[in-house]
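File shown here: upload_32.cif, holding mmCIF, C-alpha atoms.
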```
data_data
loop_
_atom_site.label_atom_id
_atom_site.label_comp_id
_atom_site.auth_asym_id
_atom_site.auth_seq_id
_atom_site.Cartn_x
_atom_site.Cartn_y
_atom_site.Cartn_z
CA MET Y 21 90.74 -33.65 122.89
CA ALA Y 22 93.96 -33.19 120.96
CA ALA Y 23 93.71 -32.04 117.34
CA GLU Y 24 95.10 -35.41 116.21
CA HIS Y 25 92.19 -37.32 117.75
CA GLU Y 26 89.64 -34.94 116.29
CA LEU Y 27 91.15 -35.22 112.82
CA ILE Y 28 91.31 -39.02 112.96
CA MET Y 29 87.73 -39.36 114.20
CA ARG Y 30 86.46 -36.89 111.59
CA GLU Y 31 88.35 -38.10 108.52
CA GLY Y 32 89.99 -41.42 109.42
CA LEU Y 33 93.63 -42.28 109.93
CA ASP Y 34 94.59 -42.63 106.26
CA ALA Y 35 93.32 -39.15 105.44
CA ALA Y 36 95.01 -37.74 108.52
CA LEU Y 37 98.33 -39.32 107.56
CA ARG Y 38 98.15 -37.73 104.11
CA ARG Y 39 97.98 -34.33 105.77
CA ALA Y 40 101.09 -34.94 107.90
CA SER Y 41 104.15 -32.99 106.79
CA ASN Y 42 106.86 -35.20 108.34
CA ALA Y 43 107.61 -38.55 109.96
CA ARG Y 44 107.14 -37.20 113.48
CA GLU Y 45 103.62 -36.00 112.77
CA ARG Y 46 102.78 -39.37 111.20
CA ALA Y 47 104.08 -41.17 114.30
CA GLN Y 48 101.96 -38.95 116.54
CA LEU Y 49 98.86 -39.64 114.47
CA ARG Y 50 99.45 -43.39 114.63
CA LEU Y 51 99.86 -43.20 118.40
CA ALA Y 52 96.66 -41.17 118.78
CA ALA Y 53 94.77 -43.67 116.64
CA ASP Y 54 96.19 -46.63 118.55
CA ILE Y 55 95.00 -45.18 121.87
CA LEU Y 56 91.48 -44.72 120.46
CA VAL Y 57 91.50 -48.33 119.28
CA GLN Y 58 92.83 -49.58 122.62
CA GLU Y 59 90.10 -47.72 124.51
CA ALA Y 60 87.47 -49.50 122.45
CA GLU Y 61 89.09 -52.94 122.37
CA ASN Y 62 90.64 -53.09 125.86
CA PRO Y 63 88.35 -51.08 128.16
CA ALA Y 64 89.50 -53.03 131.24
CA ALA Y 65 93.21 -52.27 130.74
CA THR Y 66 93.44 -50.10 133.83
CA THR Y 67 96.34 -49.49 136.19
CA HIS Y 68 96.26 -48.10 139.74
CA LEU Y 69 98.74 -45.84 141.50
CA HIS Y 70 98.75 -44.02 144.82
CA SER Y 71 97.34 -40.58 144.07
CA ILE Y 72 100.24 -38.80 145.79
CA LEU Y 73 102.55 -40.11 143.02
CA CYS Y 74 100.29 -38.44 140.45
CA THR Y 75 101.02 -35.01 141.90
CA ILE Y 76 104.55 -35.37 143.33
CA TYR Y 77 107.13 -37.20 141.28
CA LEU Y 78 110.29 -39.23 141.54
CA PRO Y 79 113.50 -37.61 140.31
CA HIS Y 80 114.23 -37.97 136.60
CA ARG Y 81 117.93 -38.55 137.13
CA ARG Y 82 120.18 -40.26 139.65
CA THR Y 83 120.59 -38.31 142.90
CA GLU Y 84 123.29 -38.54 145.55
CA PRO Y 85 122.98 -41.94 147.31
CA ASP Y 86 122.38 -40.48 150.79
CA LEU Y 87 120.27 -37.49 149.70
CA ALA Y 88 116.58 -37.38 150.70
CA TRP Y 89 114.06 -36.37 148.03
CA GLN Y 90 111.33 -34.05 149.28
CA ARG Y 91 108.68 -32.25 147.27
CA SER Y 92 105.30 -30.63 147.86
CA ASN Y 93 102.45 -30.34 145.37
CA GLY Y 94 101.30 -26.92 146.59
CA GLU Y 95 97.91 -28.33 147.54
CA GLY Y 96 98.63 -29.60 151.02
CA ALA Y 97 100.55 -32.79 150.22
CA THR Y 98 104.25 -33.43 150.89
CA LEU Y 99 106.28 -36.49 149.91
CA MET Y 100 109.72 -37.32 151.28
CA ILE Y 101 111.74 -40.37 150.23
CA GLN Y 102 114.78 -40.98 152.39
CA PRO Y 103 117.47 -43.54 151.51
CA THR Y 104 118.50 -45.88 154.33
CA LYS Y 105 121.71 -47.84 154.85
CA ASP Y 106 122.20 -51.53 154.21
CA GLU Y 107 124.11 -53.85 156.56
CA GLN Y 108 127.45 -52.60 155.20
CA GLY Y 109 126.50 -48.96 155.69
CA ARG Y 110 125.92 -48.29 151.97
CA TYR Y 111 123.24 -45.96 150.61
CA TYR Y 112 121.58 -46.69 147.25
CA GLY Y 113 119.56 -43.50 146.72
CA VAL Y 114 115.90 -42.99 145.83
CA PRO Y 115 114.17 -44.57 142.79
CA TYR Y 116 114.39 -42.43 139.66
CA GLY Y 117 113.80 -42.31 135.93
CA ALA Y 118 111.45 -44.31 133.73
CA THR Y 119 112.34 -47.76 135.10
CA GLY Y 120 111.90 -46.64 138.71
CA ARG Y 121 108.47 -45.24 137.88
CA LEU Y 122 107.37 -48.39 136.04
CA MET Y 123 108.44 -50.66 138.89
CA MET Y 124 106.54 -48.54 141.40
CA ILE Y 125 103.45 -48.65 139.17
CA TYR Y 126 103.69 -52.43 138.83
CA LEU Y 127 103.99 -53.03 142.57
CA GLN Y 128 101.04 -50.81 143.40
CA ASN Y 129 98.78 -51.99 140.60
CA GLU Y 130 99.27 -55.66 141.46
CA ALA Y 131 98.58 -55.00 145.13
CA TYR Y 132 95.46 -52.97 144.34
CA ARG Y 133 94.17 -55.39 141.70
CA ASN Y 134 94.47 -58.40 144.01
CA ARG Y 135 93.59 -56.46 147.18
CA SER Y 136 96.63 -57.98 148.83
CA ARG Y 137 99.96 -56.76 150.14
CA GLN Y 138 101.49 -59.83 148.50
CA VAL Y 139 102.81 -59.01 145.04
CA GLU Y 140 104.01 -61.64 142.59
CA LEU Y 141 107.37 -60.86 141.03
CA GLY Y 142 109.72 -63.32 139.35
CA ARG Y 143 108.92 -63.72 135.69
CA SER Y 144 105.64 -61.81 136.03
CA MET Y 145 107.36 -58.53 136.74
CA HIS Y 146 109.90 -59.09 133.97
CA ALA Y 147 107.11 -59.88 131.52
CA TRP Y 148 105.29 -56.68 132.47
CA LEU Y 149 108.44 -54.57 132.19
CA ARG Y 150 109.16 -56.06 128.77
CA ALA Y 151 105.57 -55.35 127.73
CA MET Y 152 106.11 -51.74 128.78
CA GLY Y 153 109.18 -51.57 126.55
CA VAL Y 154 111.94 -51.90 129.16
CA ASP Y 155 115.10 -53.35 127.64
CA SER Y 156 115.39 -57.05 128.51
CA SER Y 157 119.13 -57.22 127.77
CA GLY Y 158 121.92 -56.88 130.31
CA LYS Y 159 121.43 -53.10 130.37
CA GLY Y 160 117.76 -53.50 131.27
CA TYR Y 161 118.65 -56.12 133.89
CA ARG Y 162 121.08 -53.74 135.56
CA ALA Y 163 118.57 -50.88 135.49
CA ALA Y 164 115.86 -53.01 137.09
CA ARG Y 165 118.27 -54.30 139.72
CA GLU Y 166 119.40 -50.77 140.61
CA GLN Y 167 115.84 -49.50 140.99
CA ALA Y 168 114.85 -52.53 143.07
CA LEU Y 169 117.68 -51.81 145.51
CA ARG Y 170 116.58 -48.20 145.76
CA ILE Y 171 112.93 -49.15 146.34
CA GLU Y 172 113.96 -51.70 148.97
CA ARG Y 173 116.00 -49.15 150.91
CA SER Y 174 113.60 -46.20 150.73
CA LEU Y 175 111.71 -44.79 153.69
CA VAL Y 176 108.63 -42.85 152.60
CA THR Y 177 106.93 -40.07 154.54
CA VAL Y 178 103.60 -38.67 153.30
CA ALA Y 179 101.84 -35.72 154.91
CA TYR Y 180 98.53 -34.34 153.69
CA VAL Y 181 96.29 -31.52 154.90
CA GLY Y 182 92.94 -31.23 153.16
CA PRO Y 183 89.22 -30.64 153.63
CA ASN Y 184 88.86 -34.03 155.32
CA GLY Y 185 91.57 -33.36 157.88
CA LYS Y 186 95.22 -34.30 158.28
CA GLU Y 187 96.98 -37.51 157.37
CA ARG Y 188 100.59 -38.47 157.98
CA TRP Y 189 102.36 -41.79 157.75
CA GLN Y 190 105.91 -43.06 157.43
CA ASP Y 191 107.01 -46.49 156.32
CA THR Y 192 109.17 -48.37 153.86
CA ILE Y 193 107.75 -49.16 150.42
CA ILE Y 194 108.18 -52.92 150.75
CA ARG Y 195 108.47 -55.16 153.77
CA GLY Y 196 111.66 -57.19 153.83
CA SER Y 197 113.97 -57.52 150.85
CA PHE Y 198 113.91 -58.26 147.13
CA ASN Y 199 116.67 -60.81 147.86
CA LEU Y 200 118.49 -59.90 144.69
CA LEU Y 201 121.25 -62.07 143.32
CA PRO Y 202 124.61 -60.34 142.88
CA PRO Y 203 125.27 -59.57 139.20
CA ASP Y 204 128.14 -62.06 139.02
CA GLU Y 205 125.88 -64.86 140.28
CA SER Y 206 122.85 -64.16 138.12
CA GLY Y 207 124.66 -64.94 134.90
CA GLY Y 208 122.23 -62.68 133.10
CA ARG Y 209 119.35 -65.07 133.84
CA GLN Y 210 116.73 -62.39 134.27
CA GLN Y 211 114.07 -64.70 135.63
CA GLU Y 212 116.20 -65.04 138.74
CA LEU Y 213 116.43 -61.33 139.43
CA PHE Y 214 113.40 -61.32 141.72
CA PRO Y 215 111.91 -63.78 144.21
CA GLN Y 216 108.41 -65.09 143.60
CA LEU Y 217 106.70 -62.80 146.11
CA ILE Y 218 107.25 -59.50 147.86
CA GLN Y 219 105.10 -57.58 150.35
CA LEU Y 220 104.19 -53.93 150.36
CA SER Y 221 104.44 -52.35 153.80
CA GLU Y 222 101.17 -52.03 155.71
CA SER Y 223 101.11 -48.22 155.66
CA PHE Y 224 101.97 -47.96 151.97
CA TYR Y 225 99.35 -50.55 151.01
CA GLU Y 226 96.59 -49.05 153.17
CA ALA Y 227 97.28 -45.57 151.77
CA LEU Y 228 97.10 -46.97 148.23
CA ILE Y 229 93.72 -48.60 148.91
CA ARG Y 230 92.38 -45.36 150.39
CA HIS Y 231 93.69 -43.04 147.68
CA PRO Y 232 94.04 -44.83 144.33
CA ALA Y 233 94.28 -43.09 140.98
CA VAL Y 234 93.00 -44.97 137.92
CA LEU Y 235 95.14 -44.88 134.77
CA PHE Y 236 95.00 -46.47 131.32
CA GLU Y 237 97.75 -49.06 130.85
CA PRO Y 238 98.24 -48.55 127.07
CA ALA Y 239 98.94 -44.89 127.82
CA ILE Y 240 101.57 -45.90 130.38
CA LYS Y 241 103.17 -48.19 127.81
CA ALA Y 242 103.25 -45.47 125.17
CA LEU Y 243 105.10 -43.12 127.54
CA ALA Y 244 107.18 -45.76 129.34
CA GLY Y 245 110.56 -44.41 128.26
CA LYS Y 246 109.71 -40.73 128.75
CA SER Y 247 109.65 -39.92 132.44
CA LEU Y 248 108.59 -36.26 132.11
CA ALA Y 249 105.76 -37.05 129.69
CA LEU Y 250 104.68 -39.87 131.99
CA ASP Y 251 104.61 -37.47 134.95
CA VAL Y 252 102.49 -35.00 132.98
CA TYR Y 253 100.07 -37.79 132.03
CA LEU Y 254 99.78 -38.94 135.65
CA TRP Y 255 99.09 -35.36 136.74
CA LEU Y 256 96.39 -34.81 134.12
CA ALA Y 257 94.85 -38.23 134.72
CA TYR Y 258 94.40 -37.47 138.41
CA ARG Y 259 93.67 -33.75 138.22
CA LEU Y 260 91.31 -33.17 135.30
CA HIS Y 261 88.36 -35.36 136.30
CA ALA Y 262 88.43 -33.91 139.83
CA LEU Y 263 88.27 -30.29 138.67
CA GLU Y 264 85.08 -28.42 139.45
CA ARG Y 265 85.86 -25.41 137.25
CA PRO Y 266 88.43 -24.37 134.64
CA THR Y 267 91.80 -23.64 136.20
CA ARG Y 268 94.97 -21.94 135.00
CA ILE Y 269 98.39 -23.19 136.15
CA GLY Y 270 101.25 -20.74 135.64
CA TRP Y 271 104.75 -21.51 134.44
CA LYS Y 272 106.28 -20.89 137.85
CA SER Y 273 104.07 -23.53 139.48
CA LEU Y 274 104.67 -25.97 136.63
CA HIS Y 275 108.42 -25.47 136.90
CA GLN Y 276 108.34 -26.10 140.64
CA ALA Y 277 106.29 -29.28 140.18
CA PHE Y 278 107.92 -30.85 137.13
CA GLY Y 279 111.24 -29.14 136.55
CA PRO Y 280 113.70 -29.77 139.40
CA ASN Y 281 116.29 -30.84 136.83
CA TYR Y 282 116.00 -27.55 134.90
CA ASP Y 283 117.65 -24.51 136.48
CA ARG Y 284 116.14 -22.05 134.01
CA GLU Y 285 112.39 -21.78 133.51
CA ARG Y 286 112.99 -21.00 129.83
CA ASP Y 287 114.66 -24.38 129.28
CA PHE Y 288 111.91 -26.13 131.22
CA ARG Y 289 109.13 -24.57 129.15
CA ALA Y 290 110.35 -26.14 125.93
CA LYS Y 291 110.64 -29.59 127.54
CA PHE Y 292 107.26 -29.29 129.22
CA LYS Y 293 105.49 -28.31 125.99
CA GLU Y 294 106.91 -31.39 124.29
CA ALA Y 295 105.95 -33.63 127.23
CA LEU Y 296 102.43 -32.17 127.35
CA LYS Y 297 101.98 -32.89 123.65
CA GLU Y 298 102.97 -36.53 124.20
CA ALA Y 299 100.69 -36.87 127.24
CA LEU Y 300 97.67 -35.47 125.40
CA LEU Y 301 98.16 -37.91 122.54
CA VAL Y 302 97.40 -40.77 124.96
CA TYR Y 303 94.60 -39.03 126.86
CA PRO Y 304 91.93 -38.18 124.26
CA GLN Y 305 89.38 -36.86 126.78
CA ALA Y 306 91.76 -34.28 128.27
CA ILE Y 307 90.68 -30.67 127.76
CA VAL Y 308 93.91 -28.73 128.09
CA GLU Y 309 95.03 -25.55 126.37
CA LEU Y 310 98.60 -24.31 126.29
CA VAL Y 311 98.50 -20.54 126.86
CA GLU Y 312 101.18 -17.86 127.04
CA ASP Y 313 101.45 -17.86 130.82
CA GLY Y 314 101.04 -21.64 131.42
CA VAL Y 315 98.27 -24.16 130.82
CA HIS Y 316 94.50 -23.88 131.08
CA LEU Y 317 92.80 -27.01 132.45
CA SER Y 318 89.10 -27.81 132.12
CA PRO Y 319 87.07 -30.58 133.81
CA SER Y 320 87.48 -33.74 131.71
CA ALA Y 321 86.44 -37.36 131.67
CA PRO Y 322 88.88 -39.72 133.44
CA PRO Y 323 91.51 -41.40 131.25
CA ALA Y 324 90.48 -44.98 131.96
CA PRO Y 325 87.30 -46.60 130.58
CA PRO Y 326 84.42 -47.21 130.92
CA ARG Y 327 83.56 -44.31 128.71
CA SER Y 328 81.49 -43.82 125.60
CA VAL Y 329 83.62 -45.12 122.74
CA HIS Y 330 81.10 -47.32 120.96
CA TYR Y 331 80.64 -44.77 118.16
CA LEU Y 332 84.18 -45.13 116.84
CA ASP Y 333 84.56 -46.60 113.38
CA MET Y 334 87.23 -49.20 114.13
CA ARG Y 335 87.95 -49.94 110.45
CA ARG Y 336 88.91 -46.33 109.81
CA LEU Y 337 91.08 -46.13 112.91
CA ALA Y 338 92.77 -49.51 112.80
CA HIS Y 339 94.43 -49.19 109.41
CA ARG Y 340 98.02 -48.34 110.30
#
```
As structure tokens:
Amino acid sequence: MAAEHELIMREGLDAALRRASNARERAQLRLAADILVQEAENPAATTHLHSILCTIYLPHRRTEPDLAWQRSNGEGATLMIQPTKDEQGRYYGVPYGATGRLMMIYLQNEAYRNRSRQVELGRSMHAWLRAMGVDSSGKGYRAAREQALRIERSLVTVAYVGPNGKERWQDTIIRGSFNLLPPDESGGRQQELFPQLIQLSESFYEALIRHPAVLFEPAIKALAGKSLALDVYLWLAYRLHALERPTRIGWKSLHQAFGPNYDRERDFRAKFKEALKEALLVYPQAIVELVEDGVHLSPSAPPAPPRSVHYLDMRRLAHR
């Protein structure tokens, strides 16, 4: 548990805020308190994601349109996302950044929640993206449209070797097309960006049902605009509750997993420490220690309820 959660639960939010030395610390305390309140008030606010995307991540920045993205998690799993051409021979690249991650989470969670390859889009997806903090102006419209085109034209290959044998599959993410309107025809009417329904591909859907990771939606919302912090949260959410014993992860391994955009490990370390801090603020049960040569992980409760939160004094936490 992060020090912020311990302080809030021991002394209450008001007392904790009086101890803060600057606006950033006060904001972190308010976020930590909000997550504790959300866990108690919204225990069913879970989100599901294919577990492979909790250990291997989308790029943080735009990549070359025709460049395949391939990464391994060092534990037997490999993910490759390969852009494919449209009818005019154009490549759009692989999904990336915060909006790409959020759209992938939405598609998978809706399919898992309804146990159906059919996913409702239209206004539902826009409402969810807005709830997650995605800009609903023209800039947000263009970002969502770009990521949709990338998702539509991505071919995914997953290979896994583990104690239960080998698994390998290759398929698109969705079946068919988003049928997006050209920007000059949409007129900025965001409700027309997506059709009413889309289908996940059979292989992608079946893999999701077999290997889901359970996340806490308010945590996703809190990190929605911070792709590195979101990746760290996804990793911890999937990894910690499956640990059988304390484990140390060195800086070299962390850099390989999370830092493809950072050439120097020294630069990555500073960014990772900041992202880890943000991830721990929204995952109170995480037992993680930052040490000189990396991070020390200990078995922890999963991030999504049900869990024992009935003892919290909501009046002390809720005053913000």
Interatomic distance between atom CA of Y:Gln219 and atom CA of Y:Ser197?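 Pair atom CA of Y:Gln219 / atom CA of Y:Ser197 returns 8.9 Å.
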Any chance you could tabulate, as CSV, the residues of stretch 153-263 of chain Y at most 9 Å from stretch 121-140 of chain Y with each one's nearest atom pair and distance in Å to one decimal, using only C-alpha atoms, in chain and rising number order?
```
residue,atom,partner,partner_atom,distance
Y:Val154,CA,Y:Leu122,CA,9.0
Y:Ala164,CA,Y:Met123,CA,8.0
Y:Gln167,CA,Y:Met123,CA,7.8
Y:Ala168,CA,Y:Met123,CA,7.9
Y:Ile171,CA,Y:Met124,CA,8.1
Y:Pro215,CA,Y:Glu140,CA,8.3
Y:Gln216,CA,Y:Glu140,CA,5.7
Y:Leu217,CA,Y:Glu140,CA,4.6
Y:Ile218,CA,Y:Val139,CA,5.3
Y:Gln219,CA,Y:Gln138,CA,4.6
Y:Leu220,CA,Y:Arg137,CA,5.1
Y:Ser221,CA,Y:Arg137,CA,7.3
Y:Glu222,CA,Y:Arg137,CA,7.4
Y:Tyr225,CA,Y:Arg137,CA,6.3
Y:Glu226,CA,Y:Arg137,CA,8.9
Y:Leu228,CA,Y:Gln128,CA,7.3
Y:Ile229,CA,Y:Tyr132,CA,6.6
Y:Pro232,CA,Y:Tyr132,CA,8.3
Y:Ile240,CA,Y:Leu122,CA,8.5
Y:Ala244,CA,Y:Leu122,CA,7.2
Y:Ser247,CA,Y:Arg121,CA,7.7
Y:Leu250,CA,Y:Arg121,CA,8.8
```
Could you pull out every residue with an atom within 6 Å of (94.8, -38.9, 129.9), file coordinates, counting only C-alpha atoms, and send them as a list in words? Tyr253, Ala257, Val302, Tyr303, Ala306 and Pro323 of chain Y
With the file shown as input, list the residues that the PyMOL selection byres ((chain Y and resi 258) around 10) selects, as a PDB file with C-alpha atoms, keeping the file's coordinate frame.
```
ATOM      1  CA  LEU Y  69      98.740 -45.840 141.500  1.00  0.00           C
ATOM      2  CA  SER Y  71      97.340 -40.580 144.070  1.00  0.00           C
ATOM      3  CA  ILE Y  72     100.240 -38.800 145.790  1.00  0.00           C
ATOM      4  CA  LEU Y  73     102.550 -40.110 143.020  1.00  0.00           C
ATOM      5  CA  CYS Y  74     100.290 -38.440 140.450  1.00  0.00           C
ATOM      6  CA  THR Y  75     101.020 -35.010 141.900  1.00  0.00           C
ATOM      7  CA  PRO Y 232      94.040 -44.830 144.330  1.00  0.00           C
ATOM      8  CA  ALA Y 233      94.280 -43.090 140.980  1.00  0.00           C
ATOM      9  CA  VAL Y 234      93.000 -44.970 137.920  1.00  0.00           C
ATOM     10  CA  LEU Y 235      95.140 -44.880 134.770  1.00  0.00           C
ATOM     11  CA  TYR Y 253     100.070 -37.790 132.030  1.00  0.00           C
ATOM     12  CA  LEU Y 254      99.780 -38.940 135.650  1.00  0.00           C
ATOM     13  CA  TRP Y 255      99.090 -35.360 136.740  1.00  0.00           C
ATOM     14  CA  LEU Y 256      96.390 -34.810 134.120  1.00  0.00           C
ATOM     15  CA  ALA Y 257      94.850 -38.230 134.720  1.00  0.00           C
ATOM     16  CA  ARG Y 259      93.670 -33.750 138.220  1.00  0.00           C
ATOM     17  CA  LEU Y 260      91.310 -33.170 135.300  1.00  0.00           C
ATOM     18  CA  HIS Y 261      88.360 -35.360 136.300  1.00  0.00           C
ATOM     19  CA  ALA Y 262      88.430 -33.910 139.830  1.00  0.00           C
ATOM     20  CA  LEU Y 263      88.270 -30.290 138.670  1.00  0.00           C
ATOM     21  CA  PRO Y 322      88.880 -39.720 133.440  1.00  0.00           C
ATOM     22  CA  PRO Y 323      91.510 -41.400 131.250  1.00  0.00           C
TER      23      PRO Y 323
END
```
So, counting all atoms listed in the file, which residue among Y:Ala97, Y:Met29, Y:Ala242, Y:Leu310 is closest to Y:Lys186?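 Among Y:Ala97, Y:Met29, Y:Ala242, Y:Leu310, it is Y:Ala97 that comes nearest to Y:Lys186.
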Rounded to one decimal in Å, what is the spacing between atom CA of Y:Gln190 and atom CA of Y:Ala88?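 These atoms are spaced 13.8 Å apart.
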Quick one: which residues end up in the PyMOL selection byres ((chain Y and resi 281) around 8) for this structure, as a PyMOL selection string? chain Y and resi 80-81+279-280+282-283
Measuring atom to atom with all atoms listed in the file, identify which of Y:Arg188, Y:Arg150, Y:Arg143, Y:His68 is nearest to Y:Lys241.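 Looking only at the distances to Y:Lys241, the closest residue turns out to be Y:Arg150.
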Which residue of Y:Leu149, Y:Val181, Y:Ala53, Y:Ala65 approaches Y:Arg30 most closely, using all atoms listed in the file: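 For Y:Arg30, the nearest of the given residues is Y:Ala53.
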Between atom CA of Y:Phe224 and atom CA of Y:Ile193, what is the distance, to one decimal in Å?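 Rounded to one decimal, the two atoms are 6.1 Å apart.
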Selected residue, from Y:Ala295, Y:Pro266, Y:Asp191, Y:Ala40, that lies nearest to Y:Ser320 when counting all atoms listed in the file: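 Among the listed residues, the smallest separation from Y:Ser320 belongs to Y:Pro266.
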Pick from Y:Phe292, Y:Glu59, Y:Gln305, Y:Glu24 nearest to Y:Glu45, counting all atoms listed in the file: Y:Glu24
Name every residue that the PyMOL selection byres ((chain Y and resi 108-110) around 12) selects in this structure, writing the answer as number ranges by chain with chains first and numbers rising. Y: 84-86, 103-107, 111-113, 169-170, 173
Any chance you can output those residues with C-alpha atoms as a PDB file, in the coordinates of the input?
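Saved result, selection-v4.pdb, follows:
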```
ATOM      1  CA  GLU Y  84     123.290 -38.540 145.550  1.00  0.00           C
ATOM      2  CA  PRO Y  85     122.980 -41.940 147.310  1.00  0.00           C
ATOM      3  CA  ASP Y  86     122.380 -40.480 150.790  1.00  0.00           C
ATOM      4  CA  PRO Y 103     117.470 -43.540 151.510  1.00  0.00           C
ATOM      5  CA  THR Y 104     118.500 -45.880 154.330  1.00  0.00           C
ATOM      6  CA  LYS Y 105     121.710 -47.840 154.850  1.00  0.00           C
ATOM      7  CA  ASP Y 106     122.200 -51.530 154.210  1.00  0.00           C
ATOM      8  CA  GLU Y 107     124.110 -53.850 156.560  1.00  0.00           C
ATOM      9  CA  TYR Y 111     123.240 -45.960 150.610  1.00  0.00           C
ATOM     10  CA  TYR Y 112     121.580 -46.690 147.250  1.00  0.00           C
ATOM     11  CA  GLY Y 113     119.560 -43.500 146.720  1.00  0.00           C
ATOM     12  CA  LEU Y 169     117.680 -51.810 145.510  1.00  0.00           C
ATOM     13  CA  ARG Y 170     116.580 -48.200 145.760  1.00  0.00           C
ATOM     14  CA  ARG Y 173     116.000 -49.150 150.910  1.00  0.00           C
TER      15      ARG Y 173
END
```
If I wrap all listed atoms of stretch 298-303 of chain Y in a box with edges along x, y and z and add 8 Å on each side, what are its centre and edge lengths in Å to one decimal, as JSON?
```
{"center_x": 98.8, "center_y": -38.1, "center_z": 124.9, "size_x": 24.4, "size_y": 21.3, "size_z": 20.7}
```
Take stretch 183-198 of chain Y, bring it up to N, CA and C atoms, and give me the output as a CSV table (one decimal), keeping the file's coordinate frame.
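So rebuild.csv came out as:
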```
chain,number,residue,atom,x,y,z
Y,183,PRO,N,90.5,-30.9,153.1
Y,183,PRO,CA,89.2,-30.6,153.6
Y,183,PRO,C,88.7,-31.7,154.6
Y,184,ASN,N,89.3,-32.9,154.4
Y,184,ASN,CA,88.9,-34.0,155.3
Y,184,ASN,C,89.8,-34.2,156.5
Y,185,GLY,N,90.7,-33.3,156.7
Y,185,GLY,CA,91.6,-33.4,157.9
Y,185,GLY,C,93.0,-33.6,157.5
Y,186,LYS,N,93.8,-34.1,158.5
Y,186,LYS,CA,95.2,-34.3,158.3
Y,186,LYS,C,95.5,-35.8,158.2
Y,187,GLU,N,96.5,-36.1,157.4
Y,187,GLU,CA,97.0,-37.5,157.4
Y,187,GLU,C,98.5,-37.5,157.3
Y,188,ARG,N,99.1,-38.4,158.0
Y,188,ARG,CA,100.6,-38.5,158.0
Y,188,ARG,C,101.0,-39.9,158.3
Y,189,TRP,N,101.9,-40.5,157.5
Y,189,TRP,CA,102.4,-41.8,157.8
Y,189,TRP,C,103.8,-41.9,157.2
Y,190,GLN,N,104.5,-42.8,157.8
Y,190,GLN,CA,105.9,-43.1,157.4
Y,190,GLN,C,106.2,-44.6,157.5
Y,191,ASP,N,106.7,-45.1,156.4
Y,191,ASP,CA,107.0,-46.5,156.3
Y,191,ASP,C,107.9,-46.7,155.1
Y,192,THR,N,108.5,-47.9,155.1
Y,192,THR,CA,109.2,-48.4,153.9
Y,192,THR,C,108.2,-48.6,152.7
Y,193,ILE,N,108.6,-48.8,151.5
Y,193,ILE,CA,107.8,-49.2,150.4
Y,193,ILE,C,107.4,-50.6,150.5
Y,194,ILE,N,108.4,-51.5,150.6
Y,194,ILE,CA,108.2,-52.9,150.8
Y,194,ILE,C,108.6,-53.4,152.1
Y,195,ARG,N,108.1,-54.5,152.5
Y,195,ARG,CA,108.5,-55.2,153.8
Y,195,ARG,C,109.5,-56.2,153.4
Y,196,GLY,N,110.6,-56.2,154.1
Y,196,GLY,CA,111.7,-57.2,153.8
Y,196,GLY,C,112.6,-56.8,152.7
Y,197,SER,N,113.0,-57.7,151.9
Y,197,SER,CA,114.0,-57.5,150.8
Y,197,SER,C,113.6,-58.2,149.5
Y,198,PHE,N,114.1,-57.6,148.4
Y,198,PHE,CA,113.9,-58.3,147.1
Y,198,PHE,C,114.8,-59.5,147.0
```
